[in-house]
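Participant: So I've got this file, start.txt, and it contains compact mmCIF, C-alpha atoms:
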```
# COMPACT_ATOMS: atom_id res chain seq x y z
CA MET A 1 0.00 0.00 0.00
CA LEU A 2 2.82 2.38 0.87
CA SER A 3 4.56 1.56 -2.39
CA ALA A 4 1.44 2.26 -4.41
CA ALA A 5 0.83 5.51 -2.57
CA LEU A 6 4.34 6.79 -3.15
CA LEU A 7 4.33 5.78 -6.78
CA ALA A 8 1.02 7.56 -7.27
CA ALA A 9 2.53 10.63 -5.68
CA GLY A 10 5.51 10.40 -8.05
CA ILE A 11 7.98 10.19 -5.19
CA LEU A 12 9.85 7.07 -6.15
CA ALA A 13 10.00 4.57 -8.97
CA GLY A 14 12.50 1.86 -8.35
CA PRO A 15 13.27 -1.80 -7.73
CA VAL A 16 12.64 -3.84 -4.61
CA ALA A 17 15.25 -4.89 -2.08
CA GLY A 18 14.39 -7.50 0.53
CA PRO A 19 16.88 -6.92 3.32
CA ALA A 20 16.69 -10.01 5.50
CA VAL A 21 18.45 -12.87 3.77
CA ALA A 22 19.51 -15.13 6.61
CA ASP A 23 20.56 -18.40 4.99
CA ASP A 24 23.80 -19.94 6.16
CA SER A 25 25.06 -19.99 2.57
CA ILE A 26 24.43 -16.78 0.70
CA ARG A 27 26.38 -18.04 -2.29
CA ALA A 28 23.97 -20.95 -2.72
CA ASP A 29 21.15 -18.44 -3.27
CA GLN A 30 22.99 -16.41 -5.90
CA TRP A 31 21.30 -18.08 -8.87
CA HIS A 32 22.62 -15.51 -11.33
CA LEU A 33 26.21 -16.70 -10.79
CA ASP A 34 25.28 -20.24 -11.76
CA ALA A 35 23.23 -19.04 -14.72
CA MET A 36 26.21 -17.06 -15.96
CA HIS A 37 28.62 -19.99 -15.34
CA ALA A 38 30.71 -18.02 -12.87
CA PRO A 39 32.67 -20.98 -11.40
CA GLU A 40 33.66 -22.01 -14.92
CA MET A 41 34.62 -18.45 -15.89
CA TRP A 42 36.71 -17.95 -12.78
CA LYS A 43 39.11 -20.63 -14.04
CA VAL A 44 39.90 -18.22 -16.87
CA SER A 45 39.38 -14.77 -15.37
CA LYS A 46 38.29 -13.12 -12.16
CA GLY A 47 38.93 -9.61 -13.44
CA GLU A 48 42.38 -9.24 -11.91
CA GLY A 49 44.17 -6.01 -12.71
CA ILE A 50 40.99 -4.14 -13.70
CA THR A 51 39.56 -1.19 -11.79
CA VAL A 52 35.81 -0.62 -11.93
CA ALA A 53 34.60 2.74 -10.64
CA VAL A 54 31.19 2.56 -8.97
CA ILE A 55 29.28 5.84 -8.75
CA ASP A 56 26.61 5.59 -6.07
CA GLY A 57 25.25 6.94 -2.79
CA GLY A 58 27.83 5.50 -0.39
CA PHE A 59 29.58 2.26 0.52
CA LYS A 60 29.97 0.03 3.57
CA LEU A 61 33.72 -0.17 3.26
CA ASP A 62 34.10 -2.70 6.08
CA HIS A 63 31.60 -5.28 4.91
CA PRO A 64 33.34 -8.67 5.34
CA ASP A 65 32.73 -9.60 1.70
CA LEU A 66 34.26 -6.33 0.47
CA VAL A 67 37.22 -5.75 2.75
CA GLY A 68 40.30 -5.36 0.58
CA GLN A 69 38.27 -4.74 -2.58
CA PHE A 70 38.04 -0.95 -2.36
CA LEU A 71 40.62 1.50 -3.58
CA PRO A 72 40.78 4.95 -1.96
CA GLY A 73 37.70 6.73 -3.30
CA LYS A 74 36.19 10.18 -3.16
CA ASP A 75 32.97 11.82 -1.98
CA PHE A 76 31.34 14.21 -4.47
CA SER A 77 28.00 14.40 -2.65
CA GLY A 78 28.69 17.59 -0.72
CA GLY A 79 27.30 15.91 2.41
CA SER A 80 29.03 15.52 5.75
CA SER A 81 28.60 11.77 6.31
CA GLY A 82 31.52 10.62 4.17
CA LEU A 83 32.27 7.95 1.62
CA GLY A 84 31.81 5.07 4.09
CA VAL A 85 28.18 5.86 4.97
CA ASP A 86 25.63 4.10 2.77
CA ARG A 87 22.21 5.01 4.11
CA ASN A 88 20.21 2.78 1.80
CA GLY A 89 22.72 0.04 1.04
CA HIS A 90 22.54 0.50 -2.72
CA GLY A 91 26.19 1.34 -3.36
CA THR A 92 27.30 -1.57 -1.19
CA GLU A 93 25.08 -3.90 -3.20
CA MET A 94 26.52 -2.74 -6.51
CA ALA A 95 30.10 -3.15 -5.30
CA SER A 96 29.21 -6.61 -3.99
CA LEU A 97 27.68 -7.74 -7.29
CA ILE A 98 30.85 -6.70 -9.07
CA ALA A 99 33.66 -7.64 -6.69
CA GLY A 100 32.33 -9.47 -3.62
CA THR A 101 34.73 -12.11 -2.31
CA GLY A 102 32.27 -14.26 -0.32
CA ARG A 103 34.73 -14.39 2.59
CA ASN A 104 31.98 -13.93 5.17
CA ARG A 105 30.26 -16.97 6.67
CA ALA A 106 33.33 -19.15 6.20
CA GLY A 107 33.44 -18.50 2.48
CA ASN A 108 29.69 -18.74 1.97
CA GLY A 109 29.03 -15.01 1.73
CA ALA A 110 28.09 -13.01 -1.38
CA TYR A 111 30.35 -13.30 -4.39
CA GLY A 112 30.68 -10.77 -7.16
CA LEU A 113 30.83 -11.82 -10.79
CA ALA A 114 34.42 -10.50 -10.98
CA PRO A 115 35.94 -11.03 -7.52
CA GLY A 116 39.42 -10.13 -8.74
CA VAL A 117 38.37 -6.58 -9.60
CA LYS A 118 39.22 -3.55 -7.48
CA VAL A 119 36.40 -1.07 -6.92
CA LEU A 120 36.96 2.68 -6.98
CA PRO A 121 34.09 3.98 -4.79
CA LEU A 122 32.76 7.41 -5.77
CA LYS A 123 29.92 8.88 -3.76
CA ILE A 124 27.25 11.21 -5.12
CA ASN A 125 24.09 12.51 -3.53
CA SER A 126 21.55 9.95 -4.70
CA GLY A 127 18.77 11.27 -2.53
CA SER A 128 19.85 9.78 0.79
CA GLU A 129 20.91 13.16 2.13
CA GLY A 130 18.37 15.42 0.48
CA THR A 131 16.85 16.29 -2.84
CA VAL A 132 19.12 16.92 -5.80
CA ILE A 133 17.93 18.86 -8.78
CA THR A 134 19.00 17.48 -12.11
CA ALA A 135 21.75 20.02 -12.72
CA GLU A 136 23.45 19.06 -9.44
CA PHE A 137 22.90 15.37 -10.07
CA LEU A 138 24.48 15.50 -13.52
CA ASP A 139 27.30 17.68 -12.23
CA GLN A 140 28.20 15.25 -9.45
CA ILE A 141 28.12 12.33 -11.86
CA GLY A 142 30.26 14.31 -14.30
CA GLN A 143 32.84 15.07 -11.63
CA ALA A 144 32.92 11.43 -10.57
CA ILE A 145 33.37 10.23 -14.17
CA SER A 146 36.26 12.64 -14.75
CA TYR A 147 37.91 11.53 -11.51
CA ALA A 148 37.51 7.86 -12.41
CA VAL A 149 39.10 8.42 -15.81
CA ASP A 150 42.03 10.23 -14.21
CA GLN A 151 42.47 7.39 -11.70
CA GLY A 152 42.79 4.79 -14.44
CA ALA A 153 39.44 3.03 -14.13
CA LYS A 154 38.67 0.89 -17.19
CA VAL A 155 34.96 0.58 -16.48
CA ILE A 156 32.61 3.07 -14.83
CA SER A 157 29.40 1.57 -13.45
CA ILE A 158 26.49 3.94 -12.79
CA SER A 159 23.34 2.39 -11.31
CA GLN A 160 21.79 5.80 -10.77
CA GLY A 161 19.60 8.02 -12.86
CA THR A 162 16.91 10.63 -13.15
CA SER A 163 14.16 11.33 -15.64
CA ALA A 164 13.95 14.96 -14.63
CA VAL A 165 14.91 17.48 -17.31
CA THR A 166 15.52 20.64 -15.33
CA ALA A 167 19.10 21.08 -16.47
CA THR A 168 19.98 23.61 -19.10
CA SER A 169 21.52 22.72 -22.44
CA ASP A 170 24.85 23.89 -21.03
CA ASP A 171 24.54 21.39 -18.15
CA VAL A 172 23.92 18.50 -20.51
CA ALA A 173 26.57 19.69 -22.97
CA LYS A 174 29.06 19.60 -20.09
CA ILE A 175 28.39 15.98 -19.13
CA ASN A 176 28.32 15.00 -22.80
CA ARG A 177 31.83 16.43 -23.14
CA ILE A 178 32.89 14.46 -20.07
CA LEU A 179 31.41 11.25 -21.47
CA ALA A 180 33.02 11.85 -24.86
CA ASN A 181 36.37 12.41 -23.12
CA ALA A 182 35.98 9.15 -21.18
CA ARG A 183 35.28 7.33 -24.42
CA ALA A 184 38.23 8.98 -26.16
CA LYS A 185 40.47 7.81 -23.33
CA GLY A 186 39.27 4.23 -23.68
CA VAL A 187 36.95 4.01 -20.68
CA LEU A 188 33.69 2.06 -20.86
CA VAL A 189 30.78 3.85 -19.13
CA VAL A 190 27.87 1.54 -18.24
CA ALA A 191 24.57 2.84 -16.82
CA SER A 192 21.13 1.50 -15.97
CA VAL A 193 18.26 2.52 -18.24
CA GLY A 194 15.74 2.68 -15.38
CA ASN A 195 12.82 0.81 -13.86
CA SER A 196 9.92 2.99 -14.95
CA ALA A 197 8.64 1.11 -17.99
CA GLN A 198 5.21 0.91 -16.39
CA GLN A 199 5.26 4.51 -15.19
CA GLY A 200 5.56 6.20 -18.57
CA ASN A 201 8.88 4.73 -19.70
CA ILE A 202 10.42 8.21 -19.65
CA VAL A 203 14.07 8.19 -20.71
CA GLU A 204 16.43 8.42 -17.75
CA TYR A 205 19.92 9.90 -17.56
CA PRO A 206 22.82 9.29 -17.74
CA GLY A 207 21.65 5.94 -19.18
CA GLY A 208 20.04 7.69 -22.16
CA LEU A 209 23.01 9.88 -23.07
CA PRO A 210 25.55 9.30 -25.85
CA ASN A 211 28.72 7.34 -25.09
CA VAL A 212 26.93 5.27 -22.43
CA VAL A 213 26.16 1.55 -22.54
CA GLY A 214 22.52 1.35 -21.41
CA VAL A 215 21.55 -1.80 -19.51
CA GLY A 216 18.14 -3.41 -18.96
CA ALA A 217 17.11 -6.36 -16.78
CA VAL A 218 15.83 -9.90 -17.29
CA ASP A 219 14.43 -12.39 -14.79
CA ARG A 220 15.48 -15.97 -14.11
CA ASN A 221 13.22 -17.14 -16.94
CA GLY A 222 15.11 -14.91 -19.34
CA THR A 223 12.28 -12.45 -19.93
CA VAL A 224 12.80 -8.71 -19.89
CA THR A 225 11.26 -7.57 -16.61
CA ASP A 226 8.11 -5.46 -16.64
CA GLU A 227 9.88 -2.57 -14.95
CA SER A 228 12.94 -2.49 -17.23
CA GLU A 229 12.68 0.50 -19.57
CA ARG A 230 12.48 0.04 -23.32
CA GLY A 231 14.05 2.13 -26.02
CA PRO A 232 17.04 2.62 -28.34
CA GLN A 233 19.21 3.36 -25.31
CA VAL A 234 19.15 -0.34 -24.29
CA ALA A 235 22.35 -2.04 -25.45
CA LEU A 236 22.44 -5.17 -23.29
CA VAL A 237 20.48 -6.90 -20.56
CA ALA A 238 21.55 -8.99 -17.56
CA PRO A 239 19.95 -10.68 -14.54
CA GLY A 240 17.91 -8.23 -12.52
CA MET A 241 15.42 -10.25 -10.45
CA ASP A 242 15.83 -12.05 -7.10
CA VAL A 243 19.47 -10.99 -7.05
CA ILE A 244 21.25 -11.39 -3.72
CA ALA A 245 24.23 -9.31 -2.64
CA ALA A 246 25.92 -7.78 0.37
CA CYS A 247 24.23 -4.69 1.79
CA THR A 248 23.87 -2.67 4.99
CA ALA A 249 20.93 -4.58 6.52
CA SER A 250 21.38 -6.19 9.92
CA THR A 251 21.91 -9.60 8.27
CA GLY A 252 24.43 -8.09 5.88
CA TYR A 253 22.57 -9.32 2.79
CA CYS A 254 19.66 -8.25 0.60
CA LYS A 255 17.52 -9.63 -2.20
CA SER A 256 16.63 -7.09 -4.86
CA HIS A 257 15.68 -6.47 -8.45
CA GLY A 258 16.12 -3.81 -11.10
CA THR A 259 18.32 -2.49 -13.86
CA SER A 260 20.80 -1.40 -11.19
CA ASP A 261 21.75 -5.02 -10.53
CA ALA A 262 21.95 -5.76 -14.25
CA THR A 263 24.28 -2.79 -14.77
CA ALA A 264 26.70 -4.03 -12.12
CA LEU A 265 26.76 -7.45 -13.80
CA VAL A 266 27.45 -6.01 -17.26
CA SER A 267 30.24 -3.89 -15.77
CA ALA A 268 31.74 -6.98 -14.13
CA SER A 269 31.42 -8.90 -17.41
CA ALA A 270 33.44 -6.23 -19.20
CA ALA A 271 36.11 -6.46 -16.49
CA LEU A 272 36.34 -10.25 -16.86
CA VAL A 273 36.98 -9.95 -20.59
CA TRP A 274 39.34 -6.99 -20.30
CA ALA A 275 41.48 -8.79 -17.73
CA VAL A 276 42.29 -11.44 -20.33
CA HIS A 277 42.58 -9.10 -23.33
CA LYS A 278 44.36 -6.12 -21.84
CA ASP A 279 45.37 -4.81 -25.26
CA TRP A 280 41.75 -4.47 -26.39
CA THR A 281 40.05 -1.10 -26.45
CA ALA A 282 36.71 -0.33 -24.82
CA ASN A 283 35.10 -0.58 -28.26
CA GLN A 284 36.47 -4.08 -28.75
CA VAL A 285 35.45 -5.30 -25.31
CA LEU A 286 31.93 -3.97 -25.84
CA ARG A 287 31.71 -5.40 -29.37
CA VAL A 288 32.63 -8.86 -28.11
CA LEU A 289 30.05 -8.62 -25.31
CA ILE A 290 27.44 -7.66 -27.91
CA ASN A 291 28.46 -10.32 -30.42
CA THR A 292 28.39 -13.07 -27.80
CA ALA A 293 25.18 -11.93 -26.10
CA GLY A 294 22.35 -14.48 -25.87
CA ARG A 295 19.66 -13.89 -28.45
CA SER A 296 16.56 -15.56 -29.82
CA ASN A 297 16.22 -17.70 -32.92
CA GLY A 298 16.36 -16.03 -36.28
CA GLY A 299 16.70 -12.49 -35.01
CA ASP A 300 18.08 -9.97 -37.44
CA GLY A 301 18.63 -6.96 -35.20
CA ARG A 302 18.35 -5.54 -31.72
CA THR A 303 15.11 -4.98 -29.81
CA ASP A 304 14.13 -2.05 -27.65
CA GLY A 305 13.49 -4.40 -24.74
CA ALA A 306 16.61 -6.55 -24.75
CA GLY A 307 19.02 -4.54 -26.88
CA TRP A 308 21.41 -6.97 -28.53
CA GLY A 309 20.73 -9.61 -25.91
CA ALA A 310 21.80 -10.90 -22.51
CA VAL A 311 25.45 -10.53 -21.65
CA ARG A 312 27.30 -13.86 -21.54
CA PRO A 313 30.87 -13.35 -20.34
CA ARG A 314 31.53 -17.10 -20.36
CA VAL A 315 31.06 -17.18 -24.14
CA ALA A 316 32.96 -13.91 -24.53
CA LEU A 317 35.92 -15.55 -22.75
CA THR A 318 35.86 -18.93 -24.46
CA ASP A 319 34.88 -17.92 -28.00
CA PRO A 320 35.16 -14.13 -28.36
CA GLY A 321 35.48 -14.05 -32.13
CA ASP A 322 36.82 -11.00 -33.96
CA PRO A 323 36.85 -7.95 -31.65
CA GLY A 324 36.65 -5.67 -34.67
CA PRO A 325 38.21 -2.24 -35.18
CA ALA A 326 39.76 -0.66 -32.12
CA GLY A 327 38.55 2.86 -32.85
CA VAL A 328 34.94 2.26 -33.91
CA SER A 329 32.15 2.01 -31.35
CA PRO A 330 29.57 -0.76 -31.85
CA LEU A 331 26.89 1.53 -30.46
CA PRO A 332 24.60 3.22 -33.00
CA ALA A 333 25.02 6.91 -33.67
CA ASP A 334 21.35 7.75 -33.14
CA ALA A 335 21.38 7.79 -29.34
CA VAL A 336 18.37 8.89 -27.32
CA SER A 337 17.89 12.61 -26.86
CA PRO A 338 16.15 14.17 -23.83
CA SER A 339 13.13 15.00 -25.96
CA ALA A 340 12.55 11.34 -26.72
CA ALA A 341 10.30 9.30 -24.48
CA PRO A 342 9.63 5.84 -25.91
CA SER A 343 6.35 4.40 -24.69
CA ALA A 344 6.18 1.32 -22.52
CA SER A 345 4.34 -0.44 -25.32
CA ALA A 346 7.00 0.30 -27.92
CA SER A 347 8.58 -3.08 -27.30
CA ALA A 348 7.06 -6.11 -25.65
CA SER A 349 9.05 -8.15 -23.17
CA ALA A 350 11.57 -10.16 -25.13
CA PRO A 351 11.53 -13.79 -24.02
CA VAL A 352 14.75 -15.71 -23.84
CA SER A 353 15.33 -18.66 -26.08
CA SER A 354 17.18 -21.71 -24.84
CA ALA A 355 18.47 -22.52 -28.31
CA PRO A 356 22.26 -22.50 -28.12
CA SER A 357 24.46 -20.55 -30.46
CA ALA A 358 27.61 -22.04 -31.90
CA ALA A 359 29.50 -20.78 -28.87
CA GLY A 360 26.86 -21.34 -26.20
CA SER A 361 25.03 -24.06 -24.33
CA PRO A 362 21.30 -24.52 -23.68
CA THR A 363 21.76 -22.99 -20.24
CA ASP A 364 23.23 -19.77 -21.57
CA VAL A 365 20.99 -16.73 -21.57
CA ALA A 366 19.57 -16.06 -25.02
CA VAL A 367 17.69 -12.86 -25.62
CA GLY A 368 17.04 -10.41 -28.42
CA ALA A 369 18.81 -10.67 -31.74
CA PRO A 370 22.26 -10.48 -33.34
CA PRO A 371 23.94 -7.08 -33.34
CA VAL A 372 24.16 -5.03 -36.46
CA GLU A 373 27.56 -4.30 -37.86
CA PRO A 374 29.06 -1.02 -36.68
CA LYS A 375 28.16 1.84 -38.98
CA ALA A 376 30.91 3.95 -40.43
CA GLY A 377 31.34 7.02 -38.31
CA SER A 378 29.39 5.57 -35.38
CA SER A 379 32.23 6.51 -33.08
CA SER A 380 31.71 10.22 -33.75
CA SER A 381 29.80 11.98 -30.99
CA ALA A 382 29.32 15.38 -32.65
CA PRO A 383 25.89 14.71 -34.27
CA ILE A 384 24.70 12.95 -31.15
CA VAL A 385 25.53 15.87 -28.90
CA ALA A 386 23.81 18.22 -31.30
CA GLY A 387 20.67 16.13 -31.18
CA VAL A 388 20.72 16.02 -27.41
CA LEU A 389 21.09 19.77 -27.15
CA ALA A 390 18.34 20.37 -29.69
CA GLY A 391 16.00 18.18 -27.67
CA LEU A 392 16.86 19.98 -24.46
CA VAL A 393 15.95 23.34 -25.92
CA LEU A 394 12.37 22.11 -26.07
CA VAL A 395 12.24 20.77 -22.52
CA ALA A 396 14.78 22.75 -20.49
CA GLY A 397 13.23 24.24 -17.41
CA VAL A 398 10.43 21.72 -17.16
CA VAL A 399 10.48 20.25 -13.68
CA PHE A 400 9.90 16.56 -13.14
CA VAL A 401 10.25 14.55 -9.97
CA LEU A 402 13.62 12.96 -9.42
CA VAL A 403 13.34 9.31 -10.33
CA ARG A 404 16.06 7.09 -8.99
CA ARG A 405 17.03 3.67 -10.35
CA ARG A 406 17.99 2.53 -6.89
CA LYS A 407 17.11 -0.34 -4.64
CA SER A 408 17.14 0.85 -1.05
CA ALA A 409 18.21 -1.60 1.63
CA VAL A 410 16.89 -1.47 5.18
CA GLN A 411 19.12 0.48 7.53
CA PRO A 412 17.30 0.26 10.88
CA GLU A 413 20.23 1.59 12.89
CA ALA A 414 20.06 4.83 10.87
CA ALA A 415 16.28 5.03 11.30
CA VAL A 416 15.69 5.41 7.58
CA PRO A 417 11.92 5.23 6.91
CA LEU A 418 10.67 1.96 5.46
CA VAL A 419 9.75 3.13 1.98
CA PRO A 420 9.62 1.24 -1.27
CA PRO A 421 11.53 -0.59 -2.32
CA HIS A 422 11.56 -2.59 0.95
CA GLN A 423 10.01 -5.97 1.54
CA PRO A 424 11.13 -7.88 4.62
CA MET A 425 11.93 -11.49 3.81
CA PRO A 426 11.38 -14.59 5.96
CA PRO A 427 14.58 -15.88 7.61
CA SER A 428 14.31 -19.17 5.71
CA TYR A 429 14.24 -17.58 2.26
CA GLN A 430 14.69 -20.03 -0.58
CA PRO A 431 14.88 -18.78 -4.17
CA PRO A 432 12.31 -20.31 -6.51
CA VAL A 433 13.56 -23.12 -8.70
CA PRO A 434 13.42 -22.15 -12.39
CA PRO A 435 11.73 -24.50 -14.84
CA GLU A 436 14.09 -26.97 -16.48
CA ASP A 437 13.28 -25.76 -19.99
CA ASN A 438 14.39 -22.15 -19.55
CA PRO A 439 17.87 -20.74 -20.19
CA TYR A 440 18.52 -20.00 -16.53
CA ALA A 441 18.01 -23.63 -15.49
CA ARG A 442 21.01 -24.83 -13.54
```
Please rewrite the model in this file as structure tokens.

Facilitator:
Amino acid sequence: MLSAALLAAGILAGPVAGPAVADDSIRADQWHLDAMHAPEMWKVSKGEGITVAVIDGGFKLDHPDLVGQFLPGKDFSGGSSGLGVDRNGHGTEMASLIAGTGRNRAGNGAYGLAPGVKVLPLKINSGSEGTVITAEFLDQIGQAISYAVDQGAKVISISQGTSAVTATSDDVAKINRILANARAKGVLVVASVGNSAQQGNIVEYPGGLPNVVGVGAVDRNGTVTDESERGPQVALVAPGMDVIAACTASTGYCKSHGTSDATALVSASAALVWAVHKDWTANQVLRVLINTAGRSNGGDGRTDGAGWGAVRPRVALTDPGDPGPAGVSPLPADAVSPSAAPSASASASAPVSSAPSAAGSPTDVAVGAPPVEPKAGSSSSAPIVAGVLAGLVLVAGVVFVLVRRRKSAVQPEAAVPLVPPHQPMPPSYQPPVPPEDNPYAR
């Protein structure tokens, strides 16, 4: 009832985090790791030598599953609490999904998809310490991106966003320049596309900006989730339902869903591949992730729901194929502009097919369709920026409510109000067993 009331009021549109996972073995409940063949991949790569910057609202730096995984970070939020305070647990979850070591509970804690990665924690004001207008939000993200690039991060993971368009064209032009600079310096920026498909499917940012890899979510049956936004900004999808990770709840673990989780997993996938192919550029790493993504039978292009398909780092590691030209981006040139707002009905949920590709197995995720070949000149950002600015001229100054692609975790010791997305879970939580005939079957 509270969730419905707040959504009706336009206060929050986000995924659900259930904060009370109390099983003795957290790893046993992390179905997404088995679906993505993590134990098999870890024989080849754990992401060693790769830094992934995570831009979020704070981090529990002393969580047992994350001790030793954080590099010295920086707080751009302007608040007084500091980098190590994560009032809703979201940043801790994202770091855990990427680089958790599972050391807690005698090695049965939460593992990240790339446990060899080092996380550069960068804090922004994601709403936990007050309201941020879009200009401030974009500015903090821009500062964090620039810092991450300067610190040598190869991947920047942003599971944050807003659909508000109150920034001026100058504000957006500034972050577009920052994103273009990151791309020019060989950094891969990955961002969630948002969880508001059923609340208007309004394009969110930075996930809808040029030079960003937009990520949607699929469930354990391989279907694009109802909440995952649709549109040309979606490049890839990854698991984003019943995902368990470390957080700031009293048990130390949370179950959640949303494009935030999926973004962390795509970021980790890129790190796994890059750790093996250190001479590849960001364009080549992304192209291989796209070319090896799971997709349905007979597809001849991407879909607005699943992009080019579900990321499959196992296939990208074992049979990457030709990484293509180093200097050409596989992303299309016609990125989403702030004036675009694809409707929720523009693309139906894309079911996953269990039909294996030449490089995959029946248990690999298979969504969407094969990627199109990179277009000549698709790496140029000039026409994209112009389109974004032109769209902003029409909508600048219009005030929308800040919409965050975050999953808040319970933080009772900080007396944070129990607002969506929170659903207490029974202590004996057991994840549902997927049907044997779907691509996430173990």

Participant: Could you please determine the separation between CA of Leu83 (chain A) and CA of Leu122 (chain A) in Å, to one decimal place?

Facilitator: 7.4 Å

Participant: Quote the spacing between CA of Ile244 (chain A) and CA of His257 (chain A) in Å to one decimal place.

Facilitator: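 It comes out at 8.8 Å.
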
Participant: Considering all atoms listed in the file, state which residue in the set A:Thr292, A:Ser192, A:Ser267, A:Asn104 is at the smallest distance from Ile156 (chain A).

Facilitator: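 Counting all atoms listed in the file, the residue closest to Ile156 (chain A) is A:Ser267.
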
Participant: For Trp280 (chain A), work out the shell of residues within 12 Å, counting only C-alpha atoms and skipping chain neighbours fewer than 3 positions away, then give it as number ranges by chain.

Facilitator: A: 154, 186-188, 270-271, 273-277, 283-288, 320, 322-327

Participant: Around (40.5, -14.3, -12.8) in the file's own coordinates, what residues are found within 9 Å if you use only C-alpha atoms, given back as a list in words?

Facilitator: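 Residues found, by chain and rising number: Met41, Trp42, Lys43, Val44, Ser45, Lys46, Gly47, Glu48, Ala114, Pro115, Gly116, Val117, Leu272, Ala275 and Val276 of chain A.
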
Participant: Fewer than 2 positions away in the same chain doesn't count, so skip those; otherwise give me all residues within 8 Å of Asp75 (chain A), counting all atoms listed in the file, as a PyMOL selection string.

Facilitator: chain A and resi 73+77-78+82-83+122-124

Participant: Could you work out how far CA of Asp65 (chain A) lies from CA of Asp86 (chain A), giving the answer in Å with one decimal?

Facilitator: 15.5 Å
